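Visitor: One structure coming up, written as structure tokens, with questions to follow.
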Amino acid sequence: MDSTQPARTTLHIDNMDCPAEERLIRAALQGQAGVLGLEFDLARRKLTVRHASGSLNEVTTKLNEVGFPPQVESAPAGVAHGMLEHSGQGLIGWRMALAGLAAIAAEALHYGYDERYPALVVVLAVAAVLLGGLETFRKGWAALARGKLNMNSLMSVAVTGAMAIGEWPEAAMVMVLFQLAEIIEARSYERARHAIRGLLELAPETALARAPDGTWRDAPSETIALGALVRVRPGARVPLDGVVEAGRSAVNQAPITGESLPVDKQPGDTVFAGTINQSGELELRVTALADDSTLARIIRVVEQAQAQQGPTQRLVDRFAHVYTPIVFVIAVLVATVPPLFLNAAFMPWLYKALVLLVIACPCALVISTPVTVVSGLAAAARHGILVKGGVFLEQARKLRALAFDKTGTVTAGKPSVTDVRTFGDMREGDALRLAASLAARSDHPISAAVAGHAAARAIVPQEMRAFEAVPGRGVRGRNGDGWFYLGNHHYAEDLGVCGADIEAALDPLEAQGKSAVLLANEKRVLALFAVADSVRETSRAAIAELHAFGIRTAMLTGDNPHTARAIADAVGIDDARGDLLPEDKLAAIEELAATQGVVGMVGDGINDAPALAKASIGIAMGAAGSDIAIETADIALMDDDLRKVPTLIRLSRRTAAVLAQNVALALGIKAVFLVMTVAGLATMWMAVFADMGASLIVVANGLRLLRTNT
């Protein structure tokens, strides 16, 4: 490796999980020689450092100095890393147990035998503080040394002050209880953070693959190549994404799509890693490597979503950043103003100031939002809704208008030819051959219907040269007889070949909600194909639920206005707009946003991309197995069920309600104990219990979202 090139190293920091700690690490590393950039992922406790080659040792040394010992993730991991982490947790458990016993013993001696064993009380208290709170002291004083205030620095000052005024047992108990609360919170937060990974990491580690000699052998899933044949027995989980080559079975796709019922699979159908084969044996041809399966991509996307802060979390973090120094200043004033200006005794007011520091610890407030948002993301994933960040989860409840694409979204996206009409001396078989020659080169569902109709009649398409797709219009190509065009009504009008006889033939078909595809040469229309698409059974129910939420609905389609209106009326959509090009859909979204406010777009095609990007929330349909949908949309529905959109809105509203409850609980409990402190009714250990209780309450409240059934 070139020593002049910068390197990127990802570090795992086990005790880094809040914005205050991120700010402390930033202050320590930014500006240090060799550090070129920092990327924080608090949800996964990862720090990616872009640094000059050879400067990593200085980075890790500085992190150790400020109390955040790192582990280099690129170093040999696996079993060794797991053993190290498990060993560290065991050591922490023993230290906390000993610290707790020492603190309890100090309290007991203080109340029963303080006059007889004062030195022993001090020794036990100091032992409890060092065993239980050494890391808190290291992080707290490191923050103070850099002019930063966080919960660790507040607690460090409070415990040090308590020992300075001779409250040794109370100092010990405060530190032990604080550290215990930190551990419980961390474990609870871990449950929320890993809920998605535990839900989705379902693909087996081995697969029964066909070897070159024709035998079937178990092999690690990550070693299976593209195109390999894999056999999945009844009751087994599918190890890799693939296409069924042989066999028929029902497959439970709930882990990926959230569908409640198994889906029948036969040759040619797609199956996903992590799904469960239920009845018959399947033979699959692998279409994606283990680390690029739909399951793996979902995990990556949701882990990235966990690292993104939603609006409420950003607001709470900014509040805590300002709130902590203000409380520190108030505590200093409480300790100094009454003795200096009101002739009050110094020690009681100093004690009240120390209690205030403990109460003011913003731990419960800071933890209340991320655990709630992550739980909401996990609950959405369980329902087959992939949300790419807390901001979209929170914003979904604010939707006032939703626009839908038609084909493949409101309808099933599998249209079929219902009518064929030729003009002039064109024979139907010749028209189908020409149309299929053009349609076979297009990926549009209507083109697929025309090509499929020709194939069903055993008509073989011919080769077309100079093939070209015309966005929003159709396709064209040429053979020995010249240019031929296949497209919608507008395409025929653009070509100047749409006469009165063609219009007369189109009107009754379009009035029935059918889409017309016209085959033309450079002089005239040769044939007309009427194509109809069936409305999804779930679309009507979804639109009705959205209307119940007070959300206005619109349908944006490139189909003719008659078809658009017929489909919209069938499902109850308020506004139907047809003959739209991609840029027209974009303009429609801008118009809806101007009149309605927060607007969403639901689509499934590349033509919908500009509108999906412009909308406040872009929702992709049927994203299972689709790279483009998962990577570009804000939210992806992992199956084709529009009822997931109302489910998303309900979950968004519940998440917002829990966030509001948690913030109110965290601040309300502190306000009560603040009054008790001023009245002289609160002690330091009571304050820690209050902070600990508030933290556990908000964590438990946030975790309720994991059990959400919508």
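Just so we're on the same page: first chain in the structure tokens is A, next is B, and so on; residues restart at 1 for each chain, and ligands are numbered from 1 in the order they show up.
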Show which residues sit within 9 Å of Ala469 of chain A, as a ChimeraX atom specification. Count only C-alpha atoms, and ignore same-chain residues fewer than 6 positions away.
Guide: /A:441-442,475-477
Visitor: Ala254 of chain A: which residues within 10 Å, counting only C-alpha atoms, same-chain residues fewer than 2 positions away excluded, as a ChimeraX atom specification?
Guide: /A:251-252,256-263,274-276,382-384,638-639
Visitor: Determine which residues of segment 7-63 of chain A receive a DSSP assignment of helix (DSSP H, G or I), computed from the backbone, and state them as a PyMOL selection string.
Guide: chain A and resi 19-29+56-63
Visitor: Out of segment 93-266 of chain A, which residues get strand (DSSP E or B) from DSSP, as a list in words?
Guide: Thr206, Ala207, Leu208, Ala209, Arg210, Trp216, Arg217, Asp218, Ala219, Pro220, Leu229, Val230, Arg231, Val232, Arg237, Gly242, Val243, Val244, Glu245, Ala246, Ser249, Ala250, Val251, Asn252, Val263, Asp264 and Lys265 of chain A
Visitor: Of the residues A:Leu705, A:Pro348, A:Asp41, A:Thr418, which is the one nearest to Ala682 of chain A, using only C-alpha atoms?
Guide: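 Distance minimum relative to Ala682 of chain A lands on A:Pro348.
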Visitor: Of the candidates A:Arg397, A:Lys62, A:Arg540, A:Lys406, which shows the shortest atom-to-atom distance to Met621 of chain A, using only C-alpha atoms?
Guide: A:Lys406
Visitor: So how many Å separate atom CA of Asp640 of chain A and atom CA of Gly622 of chain A, to one decimal?
Guide: 4.7 Å
Visitor: Just the residues within 8 Å of Ala225 of chain A, please, counting only C-alpha atoms, with nothing from its chain fewer than 3 positions along; format it as a ChimeraX atom specification.
Guide: /A:228,286,289
Visitor: Selection from above, C-alpha atoms, as a PDB file, in the first residue's frame, can you write it?
Guide:
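As a result, result_29.pdb now contains:
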ATOM      1  CA  ALA A 228     -24.653 -22.845  -8.643  1.00  0.00           C
ATOM      2  CA  VAL A 286     -28.239 -19.029  -7.136  1.00  0.00           C
ATOM      3  CA  LEU A 289     -23.909 -14.140  -3.380  1.00  0.00           C
TER       4      LEU A 289
END
Visitor: Using only C-alpha atoms, find the one residue out of A:Glu522, A:Glu591, A:Asp507, A:Asp501 that sits nearest to Trp483 of chain A.
Guide: A:Glu522
Visitor: Mind giving me the straight-line distance from atom CA of His453 of chain A to atom CA of Ser534 of chain A in Å, one decimal?
Guide: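 Result for atom CA of His453 of chain A versus atom CA of Ser534 of chain A: 16.4 Å, one decimal.
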Visitor: Quick one: pull the distance between atom CA of Ala288 of chain A and atom CA of Val244 of chain A, Å, one decimal.
Guide: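 Calculated distance between atom CA of Ala288 of chain A and atom CA of Val244 of chain A is 13.4 Å.
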Visitor: So that I can check the surroundings of Ser153 of chain A, please list as a ChimeraX atom specification every protein, DNA and RNA residue that reaches within 7 Å of it, counting only C-alpha atoms and ignoring chain neighbours fewer than 2 positions away.
Guide: /A:140-141,143-144,149-151,155-157
Visitor: Would you mind listing what lies within 12 Å of Phe319 of chain A as a ChimeraX atom specification, with only C-alpha atoms counted and same-chain residues fewer than 3 positions away left out?
Guide: /A:19-20,312-316,322-327,362,365-366,663,667
Visitor: Leaving out Asn152 of chain A and any residue of its chain fewer than 6 positions from it, which residues lie within 10 Å of it when counting only C-alpha atoms, given as a compact mmCIF listing (two decimals) with all heavy atoms, in the first residue's frame?
Guide:
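Written output follows (result.txt):
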# COMPACT_ATOMS: atom_id res chain seq x y z
N ALA A 20 -23.17 13.06 23.36
CA ALA A 20 -22.20 13.75 24.21
C ALA A 20 -20.84 13.08 24.10
O ALA A 20 -19.79 13.75 24.07
CB ALA A 20 -22.68 13.75 25.66
N GLU A 21 -20.84 11.74 24.05
CA GLU A 21 -19.57 11.03 23.92
C GLU A 21 -18.98 11.22 22.52
O GLU A 21 -17.77 11.29 22.37
CB GLU A 21 -19.80 9.55 24.23
CG GLU A 21 -20.12 9.33 25.71
CD GLU A 21 -20.71 7.96 26.03
OE1 GLU A 21 -21.16 7.28 25.10
OE2 GLU A 21 -20.72 7.59 27.22
N GLY A 133 -16.92 2.90 39.31
CA GLY A 133 -17.00 4.14 38.56
C GLY A 133 -15.72 4.67 37.97
O GLY A 133 -15.66 5.84 37.59
N GLU A 135 -14.38 4.08 35.11
CA GLU A 135 -14.59 4.50 33.72
C GLU A 135 -15.37 5.81 33.66
O GLU A 135 -15.08 6.68 32.83
CB GLU A 135 -15.33 3.41 32.95
CG GLU A 135 -15.52 3.73 31.48
CD GLU A 135 -16.23 2.62 30.72
OE1 GLU A 135 -16.03 1.44 31.06
OE2 GLU A 135 -17.01 2.95 29.81
N THR A 136 -16.35 5.96 34.55
CA THR A 136 -17.12 7.21 34.59
C THR A 136 -16.20 8.38 34.93
O THR A 136 -16.28 9.45 34.31
CB THR A 136 -18.24 7.11 35.64
OG1 THR A 136 -19.12 6.05 35.28
CG2 THR A 136 -19.02 8.41 35.74
N PHE A 137 -15.29 8.17 35.91
CA PHE A 137 -14.34 9.22 36.26
C PHE A 137 -13.42 9.55 35.09
O PHE A 137 -13.18 10.73 34.79
CB PHE A 137 -13.49 8.79 37.47
CG PHE A 137 -14.09 9.17 38.78
CD1 PHE A 137 -14.45 8.20 39.70
CD2 PHE A 137 -14.31 10.50 39.12
CE1 PHE A 137 -15.00 8.55 40.92
CE2 PHE A 137 -14.86 10.85 40.34
CZ PHE A 137 -15.22 9.87 41.24
N ARG A 138 -12.92 8.53 34.41
CA ARG A 138 -12.00 8.77 33.30
C ARG A 138 -12.67 9.59 32.21
O ARG A 138 -12.12 10.57 31.70
CB ARG A 138 -11.51 7.44 32.72
CG ARG A 138 -10.44 6.77 33.56
CD ARG A 138 -10.17 5.36 33.09
NE ARG A 138 -9.83 5.30 31.67
CZ ARG A 138 -9.79 4.18 30.96
NH1 ARG A 138 -10.10 3.03 31.54
NH2 ARG A 138 -9.47 4.20 29.69
N LYS A 139 -13.89 9.20 31.86
CA LYS A 139 -14.60 9.92 30.81
C LYS A 139 -15.05 11.30 31.28
O LYS A 139 -15.01 12.27 30.53
CB LYS A 139 -15.80 9.08 30.34
CG LYS A 139 -15.40 7.86 29.53
CD LYS A 139 -16.43 6.77 29.46
CE LYS A 139 -17.73 7.17 28.89
NZ LYS A 139 -18.64 6.01 28.67
N GLY A 140 -15.48 11.38 32.53
CA GLY A 140 -15.96 12.65 33.06
C GLY A 140 -14.87 13.70 33.18
O GLY A 140 -15.05 14.84 32.72
N TRP A 141 -13.74 13.33 33.76
CA TRP A 141 -12.66 14.30 33.91
C TRP A 141 -11.99 14.62 32.57
O TRP A 141 -11.51 15.73 32.36
CB TRP A 141 -11.62 13.81 34.93
CG TRP A 141 -12.19 13.76 36.32
CD1 TRP A 141 -12.37 12.67 37.09
CD2 TRP A 141 -12.67 14.87 37.09
NE1 TRP A 141 -12.96 13.00 38.30
CE2 TRP A 141 -13.14 14.36 38.33
CE3 TRP A 141 -12.75 16.24 36.86
CZ2 TRP A 141 -13.69 15.16 39.31
CZ3 TRP A 141 -13.31 17.05 37.85
CH2 TRP A 141 -13.76 16.51 39.06
N ALA A 142 -11.98 13.64 31.64
CA ALA A 142 -11.46 13.92 30.31
C ALA A 142 -12.34 14.98 29.62
O ALA A 142 -11.83 15.87 28.93
CB ALA A 142 -11.42 12.64 29.47
N ALA A 143 -13.65 14.89 29.83
CA ALA A 143 -14.55 15.88 29.26
C ALA A 143 -14.33 17.25 29.89
O ALA A 143 -14.25 18.27 29.19
CB ALA A 143 -16.00 15.44 29.46
N LEU A 144 -14.19 17.28 31.21
CA LEU A 144 -13.96 18.55 31.89
C LEU A 144 -12.64 19.20 31.47
O LEU A 144 -12.54 20.42 31.32
CB LEU A 144 -13.97 18.34 33.41
CG LEU A 144 -15.34 18.08 34.04
CD1 LEU A 144 -15.19 17.67 35.49
CD2 LEU A 144 -16.23 19.32 33.92
N ALA A 158 -20.23 15.36 41.14
CA ALA A 158 -21.12 15.10 42.27
C ALA A 158 -20.50 14.10 43.26
O ALA A 158 -20.53 14.32 44.48
CB ALA A 158 -22.46 14.56 41.76
N PHE A 178 -25.46 4.58 39.70
CA PHE A 178 -25.34 5.21 38.38
C PHE A 178 -24.77 4.23 37.36
O PHE A 178 -25.28 4.09 36.25
CB PHE A 178 -24.45 6.46 38.46
CG PHE A 178 -24.14 7.06 37.11
CD1 PHE A 178 -25.11 7.78 36.42
CD2 PHE A 178 -22.89 6.90 36.54
CE1 PHE A 178 -24.83 8.33 35.18
CE2 PHE A 178 -22.60 7.45 35.30
CZ PHE A 178 -23.57 8.17 34.62
N CYS A 361 -28.71 14.95 35.51
CA CYS A 361 -28.07 14.08 34.53
C CYS A 361 -29.06 13.77 33.40
O CYS A 361 -30.15 13.25 33.65
CB CYS A 361 -27.63 12.78 35.21
SG CYS A 361 -26.85 11.64 34.08
N CYS A 363 -29.36 11.60 31.22
CA CYS A 363 -29.28 10.23 30.70
C CYS A 363 -30.63 9.75 30.16
O CYS A 363 -30.73 9.28 29.03
CB CYS A 363 -28.79 9.30 31.80
SG CYS A 363 -28.27 7.70 31.20
Visitor: For Arg23 of chain A, which residue out of A:Asn607, A:Ala181, A:Pro239, A:Arg318 is the nearest one, using only C-alpha atoms?
Guide: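 Among A:Asn607, A:Ala181, A:Pro239, A:Arg318, it is A:Arg318 that comes nearest to Arg23 of chain A.
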